[in-house]
Each structure stands twice: as structure tokens, then as C-alpha cells.
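K.L.:
Compact mmCIF, C-alpha atoms and all ligand atoms, file run37.txt:
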```txt
# COMPACT_ATOMS: atom_id res chain seq x y z
CA MET A 5 0.00 0.00 0.00
CA LYS A 6 1.35 3.40 -0.99
CA ILE A 7 1.95 5.85 1.85
CA THR A 8 0.87 9.40 1.01
CA LEU A 9 2.44 12.14 3.11
CA VAL A 10 0.29 15.20 3.67
CA ALA A 11 1.25 18.22 5.78
CA ALA A 12 -1.65 19.94 7.55
CA CYS A 13 -2.08 22.88 9.87
CA ALA A 14 -4.47 23.99 12.58
CA LEU A 15 -4.41 27.78 12.43
CA VAL A 16 -5.51 29.11 15.81
CA ASP A 17 -6.94 32.59 16.40
CA ALA A 18 -6.82 34.78 19.51
CA ASP A 19 -10.01 33.09 20.87
CA ASN A 20 -8.47 29.62 20.50
CA ARG A 21 -10.69 28.80 17.56
CA VAL A 22 -9.34 26.60 14.76
CA LEU A 23 -9.66 27.20 11.02
CA VAL A 24 -11.27 24.51 8.91
CA ALA A 25 -11.73 24.59 5.16
CA GLN A 26 -14.40 22.89 3.08
CA ARG A 27 -13.21 20.68 0.22
CA PRO A 28 -14.63 21.90 -3.09
CA GLU A 29 -16.94 20.06 -5.50
CA GLY A 30 -15.19 17.80 -7.94
CA LYS A 31 -12.50 16.61 -5.53
CA ALA A 32 -12.40 13.44 -3.46
CA LEU A 33 -14.23 13.91 -0.14
CA ALA A 34 -16.00 17.03 -1.52
CA GLY A 35 -17.94 19.01 1.07
CA LEU A 36 -15.95 17.69 4.03
CA TRP A 37 -14.18 20.12 6.38
CA GLU A 38 -10.42 19.66 6.60
CA PHE A 39 -7.32 21.31 7.97
CA PRO A 40 -5.54 23.37 5.31
CA GLY A 41 -2.52 21.66 3.80
CA GLY A 42 -1.68 19.17 1.11
CA LYS A 43 0.61 16.55 -0.30
CA ILE A 44 4.33 16.83 0.33
CA GLU A 45 5.94 17.00 -3.12
CA PRO A 46 9.22 15.24 -3.92
CA GLY A 47 12.20 17.33 -2.88
CA GLU A 48 10.22 19.42 -0.40
CA ARG A 49 10.66 19.42 3.32
CA PRO A 50 7.31 18.99 5.08
CA GLU A 51 7.41 22.47 6.60
CA GLU A 52 8.21 24.02 3.20
CA SER A 53 5.36 22.23 1.62
CA LEU A 54 2.97 23.33 4.35
CA ILE A 55 4.05 26.97 4.02
CA ARG A 56 3.53 26.72 0.23
CA GLU A 57 0.07 25.18 0.65
CA LEU A 58 -0.99 27.82 3.18
CA ARG A 59 -0.01 30.50 0.70
CA GLU A 60 -1.77 28.81 -2.24
CA GLU A 61 -4.92 27.86 -0.35
CA LEU A 62 -5.37 30.76 2.07
CA GLY A 63 -3.16 33.57 0.76
CA ILE A 64 -1.23 33.89 4.02
CA THR A 65 2.49 33.95 4.79
CA VAL A 66 3.70 31.70 7.59
CA LYS A 67 7.21 31.56 9.00
CA GLU A 68 8.63 28.16 9.74
CA ALA A 69 9.44 29.25 13.32
CA CYS A 70 5.70 29.80 13.86
CA LEU A 71 4.82 26.16 13.11
CA ALA A 72 4.69 23.81 16.11
CA PRO A 73 4.18 20.06 15.64
CA LEU A 74 1.11 18.81 17.49
CA THR A 75 0.09 15.31 16.43
CA PHE A 76 -0.49 13.17 13.34
CA ALA A 77 -3.10 11.08 11.55
CA SER A 78 -2.44 7.62 10.17
CA HIS A 79 -5.37 6.25 8.22
CA GLY A 80 -5.94 3.56 5.64
CA TYR A 81 -8.03 4.81 2.72
CA GLU A 82 -9.12 2.45 -0.04
CA THR A 83 -6.24 3.24 -2.39
CA PHE A 84 -3.52 4.69 -0.16
CA HIS A 85 -2.44 5.02 3.42
CA LEU A 86 -2.45 8.60 4.66
CA LEU A 87 0.26 9.78 7.03
CA MET A 88 -0.48 13.36 7.97
CA PRO A 89 1.46 15.39 10.54
CA LEU A 90 -0.53 18.29 12.00
CA TRP A 91 1.19 21.50 13.01
CA ILE A 92 -0.40 24.34 14.88
CA CYS A 93 0.19 27.98 14.05
CA ARG A 94 -0.93 31.12 15.86
CA ARG A 95 0.97 33.76 13.87
CA TRP A 96 0.82 34.54 10.18
CA GLU A 97 0.77 37.50 7.84
CA GLY A 98 -2.26 38.37 5.77
CA ARG A 99 -5.91 37.55 6.12
CA VAL A 100 -7.21 34.05 5.33
CA GLU A 101 -9.21 33.72 2.11
CA ALA A 102 -10.74 30.61 0.54
CA LEU A 103 -8.61 30.59 -2.64
CA GLU A 104 -9.04 26.86 -3.29
CA HIS A 105 -11.76 25.78 -0.87
CA ALA A 106 -15.55 26.18 -1.02
CA ALA A 107 -15.62 27.92 2.39
CA LEU A 108 -13.63 28.58 5.55
CA LYS A 109 -14.74 28.76 9.16
CA TRP A 110 -13.31 29.27 12.63
CA VAL A 111 -14.61 26.77 15.17
CA ARG A 112 -14.10 25.94 18.83
CA PRO A 113 -12.08 22.71 19.11
CA ALA A 114 -14.98 20.78 20.70
CA ARG A 115 -17.26 21.77 17.77
CA LEU A 116 -14.95 20.00 15.34
CA ARG A 117 -16.74 16.82 16.44
CA ASP A 118 -19.98 18.16 14.92
CA LEU A 119 -18.44 18.76 11.49
CA ALA A 120 -18.27 16.29 8.64
CA MET A 121 -14.51 15.74 8.37
CA PRO A 122 -12.44 13.10 6.52
CA PRO A 123 -12.31 9.85 8.53
CA ALA A 124 -8.57 10.30 9.08
CA ASP A 125 -9.16 13.48 11.08
CA ALA A 126 -11.14 12.19 14.08
CA PRO A 127 -8.04 11.34 16.20
CA LEU A 128 -6.71 14.89 15.69
CA ILE A 129 -9.55 16.45 17.67
CA PRO A 130 -8.71 15.33 21.26
CA PRO A 131 -5.14 16.72 21.15
CA LEU A 132 -6.54 20.05 19.93
CA ILE A 133 -9.07 20.12 22.79
CA ASP A 134 -6.31 19.21 25.28
CA LEU A 135 -4.15 22.05 24.03
CA LEU A 136 -6.73 24.75 23.40
CA GLY A 137 -9.67 23.80 25.62
CA PRO A 138 -13.15 22.96 24.31
N1 LIG B 201 -5.24 18.99 3.70
C1 LIG B 201 -5.84 17.96 4.28
N2 LIG B 201 -5.93 16.76 3.65
C2 LIG B 201 -6.56 15.77 4.31
C3 LIG B 201 -7.12 15.95 5.59
N3 LIG B 201 -7.69 14.78 5.99
C4 LIG B 201 -7.49 13.89 4.99
O1 LIG B 201 -7.86 12.73 5.00
N4 LIG B 201 -6.81 14.48 3.95
C5 LIG B 201 -6.46 13.82 2.71
O2 LIG B 201 -5.15 14.10 2.37
C6 LIG B 201 -5.04 14.31 0.97
C7 LIG B 201 -4.62 15.75 0.75
O3 LIG B 201 -4.22 15.90 -0.50
P1 LIG B 201 -4.49 17.22 -1.32
O4 LIG B 201 -5.57 18.03 -0.71
O5 LIG B 201 -3.18 17.82 -1.60
O6 LIG B 201 -4.94 16.57 -2.63
P2 LIG B 201 -6.38 16.47 -3.29
O7 LIG B 201 -7.15 15.31 -2.75
O8 LIG B 201 -7.02 17.78 -3.19
O9 LIG B 201 -6.05 16.08 -4.74
P3 LIG B 201 -4.94 16.45 -5.77
O10 LIG B 201 -4.31 15.11 -6.00
O11 LIG B 201 -5.73 16.96 -6.89
O12 LIG B 201 -4.02 17.45 -5.19
C8 LIG B 201 -6.38 14.04 0.38
O13 LIG B 201 -6.48 12.70 0.02
C9 LIG B 201 -7.29 14.33 1.55
O14 LIG B 201 -8.48 13.67 1.48
C10 LIG B 201 -7.04 17.22 6.22
O15 LIG B 201 -7.50 17.46 7.34
N5 LIG B 201 -6.39 18.18 5.52
```
Could you render the structure as C-alpha cells?
Ligand SMILES: Nc1nc2c([nH]c(=O)n2[C@@H]2O[C@H](COP(=O)(O)OP(=O)(O)OP(=O)(O)O)[C@@H](O)[C@H]2O)c(=O)[nH]1

P.N.:
Amino acid sequence: MKITLVAACALVDADNRVLVAQRPEGKALAGLWEFPGGKIEPGERPEESLIRELREELGITVKEACLAPLTFASHGYETFHLLMPLWICRRWEGRVEALEHAALKWVRPARLRDLAMPPADAPLIPPLIDLLGP
């Protein structure tokens, strides 16, 4: 089974809310809410790839020093196994915009449980609640 490496980020605002982004129509898992990020391309370090994805998807600039590793997801999908480290980030430049997603929203960590998210993401929620509160 092929392992796909994806770098993802929980952006956290001053009220300890987390940004989630809705996957657009036409893509796998369309309509589900995910953490911004994407596949790590050959030759890229994971942090570089995450910074690139945050710029492409949200239009923000993130410094590597502002990324802190939090946890990871390991999940077997039908055609690949996803290994997805999750960083958290509280500082960035610019204002988030849905450049590639259908919508964005800021949610309290405990409310992530009420959202339709990819199956890989469920184990990411408790560490976020532990860190940020409900
Ligand atoms: N960014 C992100 N991807 C996630 C999350 N959960 C999860 O299962 N994934 C999976 O990780 C992969 C992310 O790849 P991607 O976003 O770069 O690629 P994609 O499916 O849009 O397709 P692409 O091949 O056209 O780039 C997808 O298979 C996606 O379903 C998540 O919270 N954030």
C-alpha cells in the first residue's frame, strides 16, 4: 500500500478557535471540512510544503518558526495510506481567504466533532481540545 504524506495545519486565532476549510466540489471527499494543507511534493521538506500550501490555499504567509508540531493522523483509505502530521500555528501574515476551498470557518475545538470531516481526522480532535480547551 502506498503511503501518502500530507502536511496539515491547525491555524488558531486569539479566541483559541481553529480554522477549517471545506473541500470543493469535484474533488475526493467534496464538502468535508479539513485542515488546510496538502501533499508533500518530492524534494520538499514537510514544513516548506505546508508553508507553500498555506499561501496557495489561504493567501497567508507563515514563518517556519511559527509552526509547532502537534500530532499526526495515520489512516488507511481504499487506495492509499495517509500519514499526515498536523502543526499548529498562531501567527501569520495576511488575512485568510478561501482561494481553493468552497468555504472557511473558525470553530471551537470541541465543535470539530460536529463537522463532517475526513475519517482520518477524528483522532486529531482530542489533542486540539487538550491544548486549546473545548
Ligand atoms: N489537507 C488535508 N488533507 C486531508 C485531511 N484529511 C485527509 O484525509 N486528507 C487527505 O489528504 C489528501 C490531501 O491531499 P491534497 O488536498 O493535496 O490533494 P487532493 O485530494 O485535493 O487532490 P490532488 O491530487 O488533486 O491534489 C487528500 O487525500 C485528503 O483527502 C485534512 O484534514 N487536511

K.L.:
If you measure from atom N2 of ligand LIG 201 (chain B) to atom CA of A:Pro40, what distance in Å do you get, rounded to one decimal?

P.N.:
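Between atom N2 of ligand LIG 201 (chain B) and atom CA of A:Pro40 the gap works out to 6.8 Å.
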
K.L.:
Taking all atoms listed in the file into account, which residues have an atom no farther than 8 Å from ligand LIG 201 (chain B)? I'd like them as a list in words.

P.N.:
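Selection of residues at most 8 Å from ligand LIG 201 (chain B): Thr8, Leu9, Val10, Ala11, Ala12, Cys13, Arg27, Lys31, Ala32, Leu33, Trp37, Glu38, Phe39, Pro40, Gly41, Gly42, Lys43, Ile44, His79, Leu86, Met88, Met121, Pro122, Pro123, Ala124 and Asp125 of chain A.
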
K.L.:
Given the selection you just returned, output its residues as a file containing C-alpha atoms, formatted as a PDB file, keeping the file's coordinate frame.

P.N.:
```pdb
ATOM      1  CA  THR A   8       0.870   9.400   1.010  1.00  0.00           C
ATOM      2  CA  LEU A   9       2.440  12.140   3.110  1.00  0.00           C
ATOM      3  CA  VAL A  10       0.290  15.200   3.670  1.00  0.00           C
ATOM      4  CA  ALA A  11       1.250  18.220   5.780  1.00  0.00           C
ATOM      5  CA  ALA A  12      -1.650  19.940   7.550  1.00  0.00           C
ATOM      6  CA  CYS A  13      -2.080  22.880   9.870  1.00  0.00           C
ATOM      7  CA  ARG A  27     -13.210  20.680   0.220  1.00  0.00           C
ATOM      8  CA  LYS A  31     -12.500  16.610  -5.530  1.00  0.00           C
ATOM      9  CA  ALA A  32     -12.400  13.440  -3.460  1.00  0.00           C
ATOM     10  CA  LEU A  33     -14.230  13.910  -0.140  1.00  0.00           C
ATOM     11  CA  TRP A  37     -14.180  20.120   6.380  1.00  0.00           C
ATOM     12  CA  GLU A  38     -10.420  19.660   6.600  1.00  0.00           C
ATOM     13  CA  PHE A  39      -7.320  21.310   7.970  1.00  0.00           C
ATOM     14  CA  PRO A  40      -5.540  23.370   5.310  1.00  0.00           C
ATOM     15  CA  GLY A  41      -2.520  21.660   3.800  1.00  0.00           C
ATOM     16  CA  GLY A  42      -1.680  19.170   1.110  1.00  0.00           C
ATOM     17  CA  LYS A  43       0.610  16.550  -0.300  1.00  0.00           C
ATOM     18  CA  ILE A  44       4.330  16.830   0.330  1.00  0.00           C
ATOM     19  CA  HIS A  79      -5.370   6.250   8.220  1.00  0.00           C
ATOM     20  CA  LEU A  86      -2.450   8.600   4.660  1.00  0.00           C
ATOM     21  CA  MET A  88      -0.480  13.360   7.970  1.00  0.00           C
ATOM     22  CA  MET A 121     -14.510  15.740   8.370  1.00  0.00           C
ATOM     23  CA  PRO A 122     -12.440  13.100   6.520  1.00  0.00           C
ATOM     24  CA  PRO A 123     -12.310   9.850   8.530  1.00  0.00           C
ATOM     25  CA  ALA A 124      -8.570  10.300   9.080  1.00  0.00           C
ATOM     26  CA  ASP A 125      -9.160  13.480  11.080  1.00  0.00           C
TER      27      ASP A 125
END
```

K.L.:
Could you check which of A:Pro73, A:Glu101, A:Ile64, A:Ile133 is closest to A:Leu116, using only C-alpha atoms?

P.N.:
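Closest to A:Leu116, using only C-alpha atoms: A:Ile133.
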
K.L.:
Around all the atoms of stretch 27-41 of chain A listed in the file, with 3 Å of room on each side, what axis-aligned box do you get, giving centre and edge lengths in Å to one decimal, as lines of an AutoDock Vina configuration file?

P.N.:
```
center_x = -10.2
center_y = 18.4
center_z = 0.0
size_x = 21.4
size_y = 15.9
size_z = 21.9
```

K.L.:
Quick one: of A:Ala126, A:His105, A:Leu90, A:Glu60, who's nearest to A:Leu74, counting only C-alpha atoms?

P.N.:
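Using only C-alpha atoms, A:Leu74 sits closest to A:Leu90.
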
K.L.:
Can you list, as number ranges by chain, every protein, DNA or RNA residue that comes within 9 Å of A:Cys70 when you count all atoms listed in the file, leaving out same-chain residues fewer than 3 positions away?

P.N.:
A: 66-67, 92-96
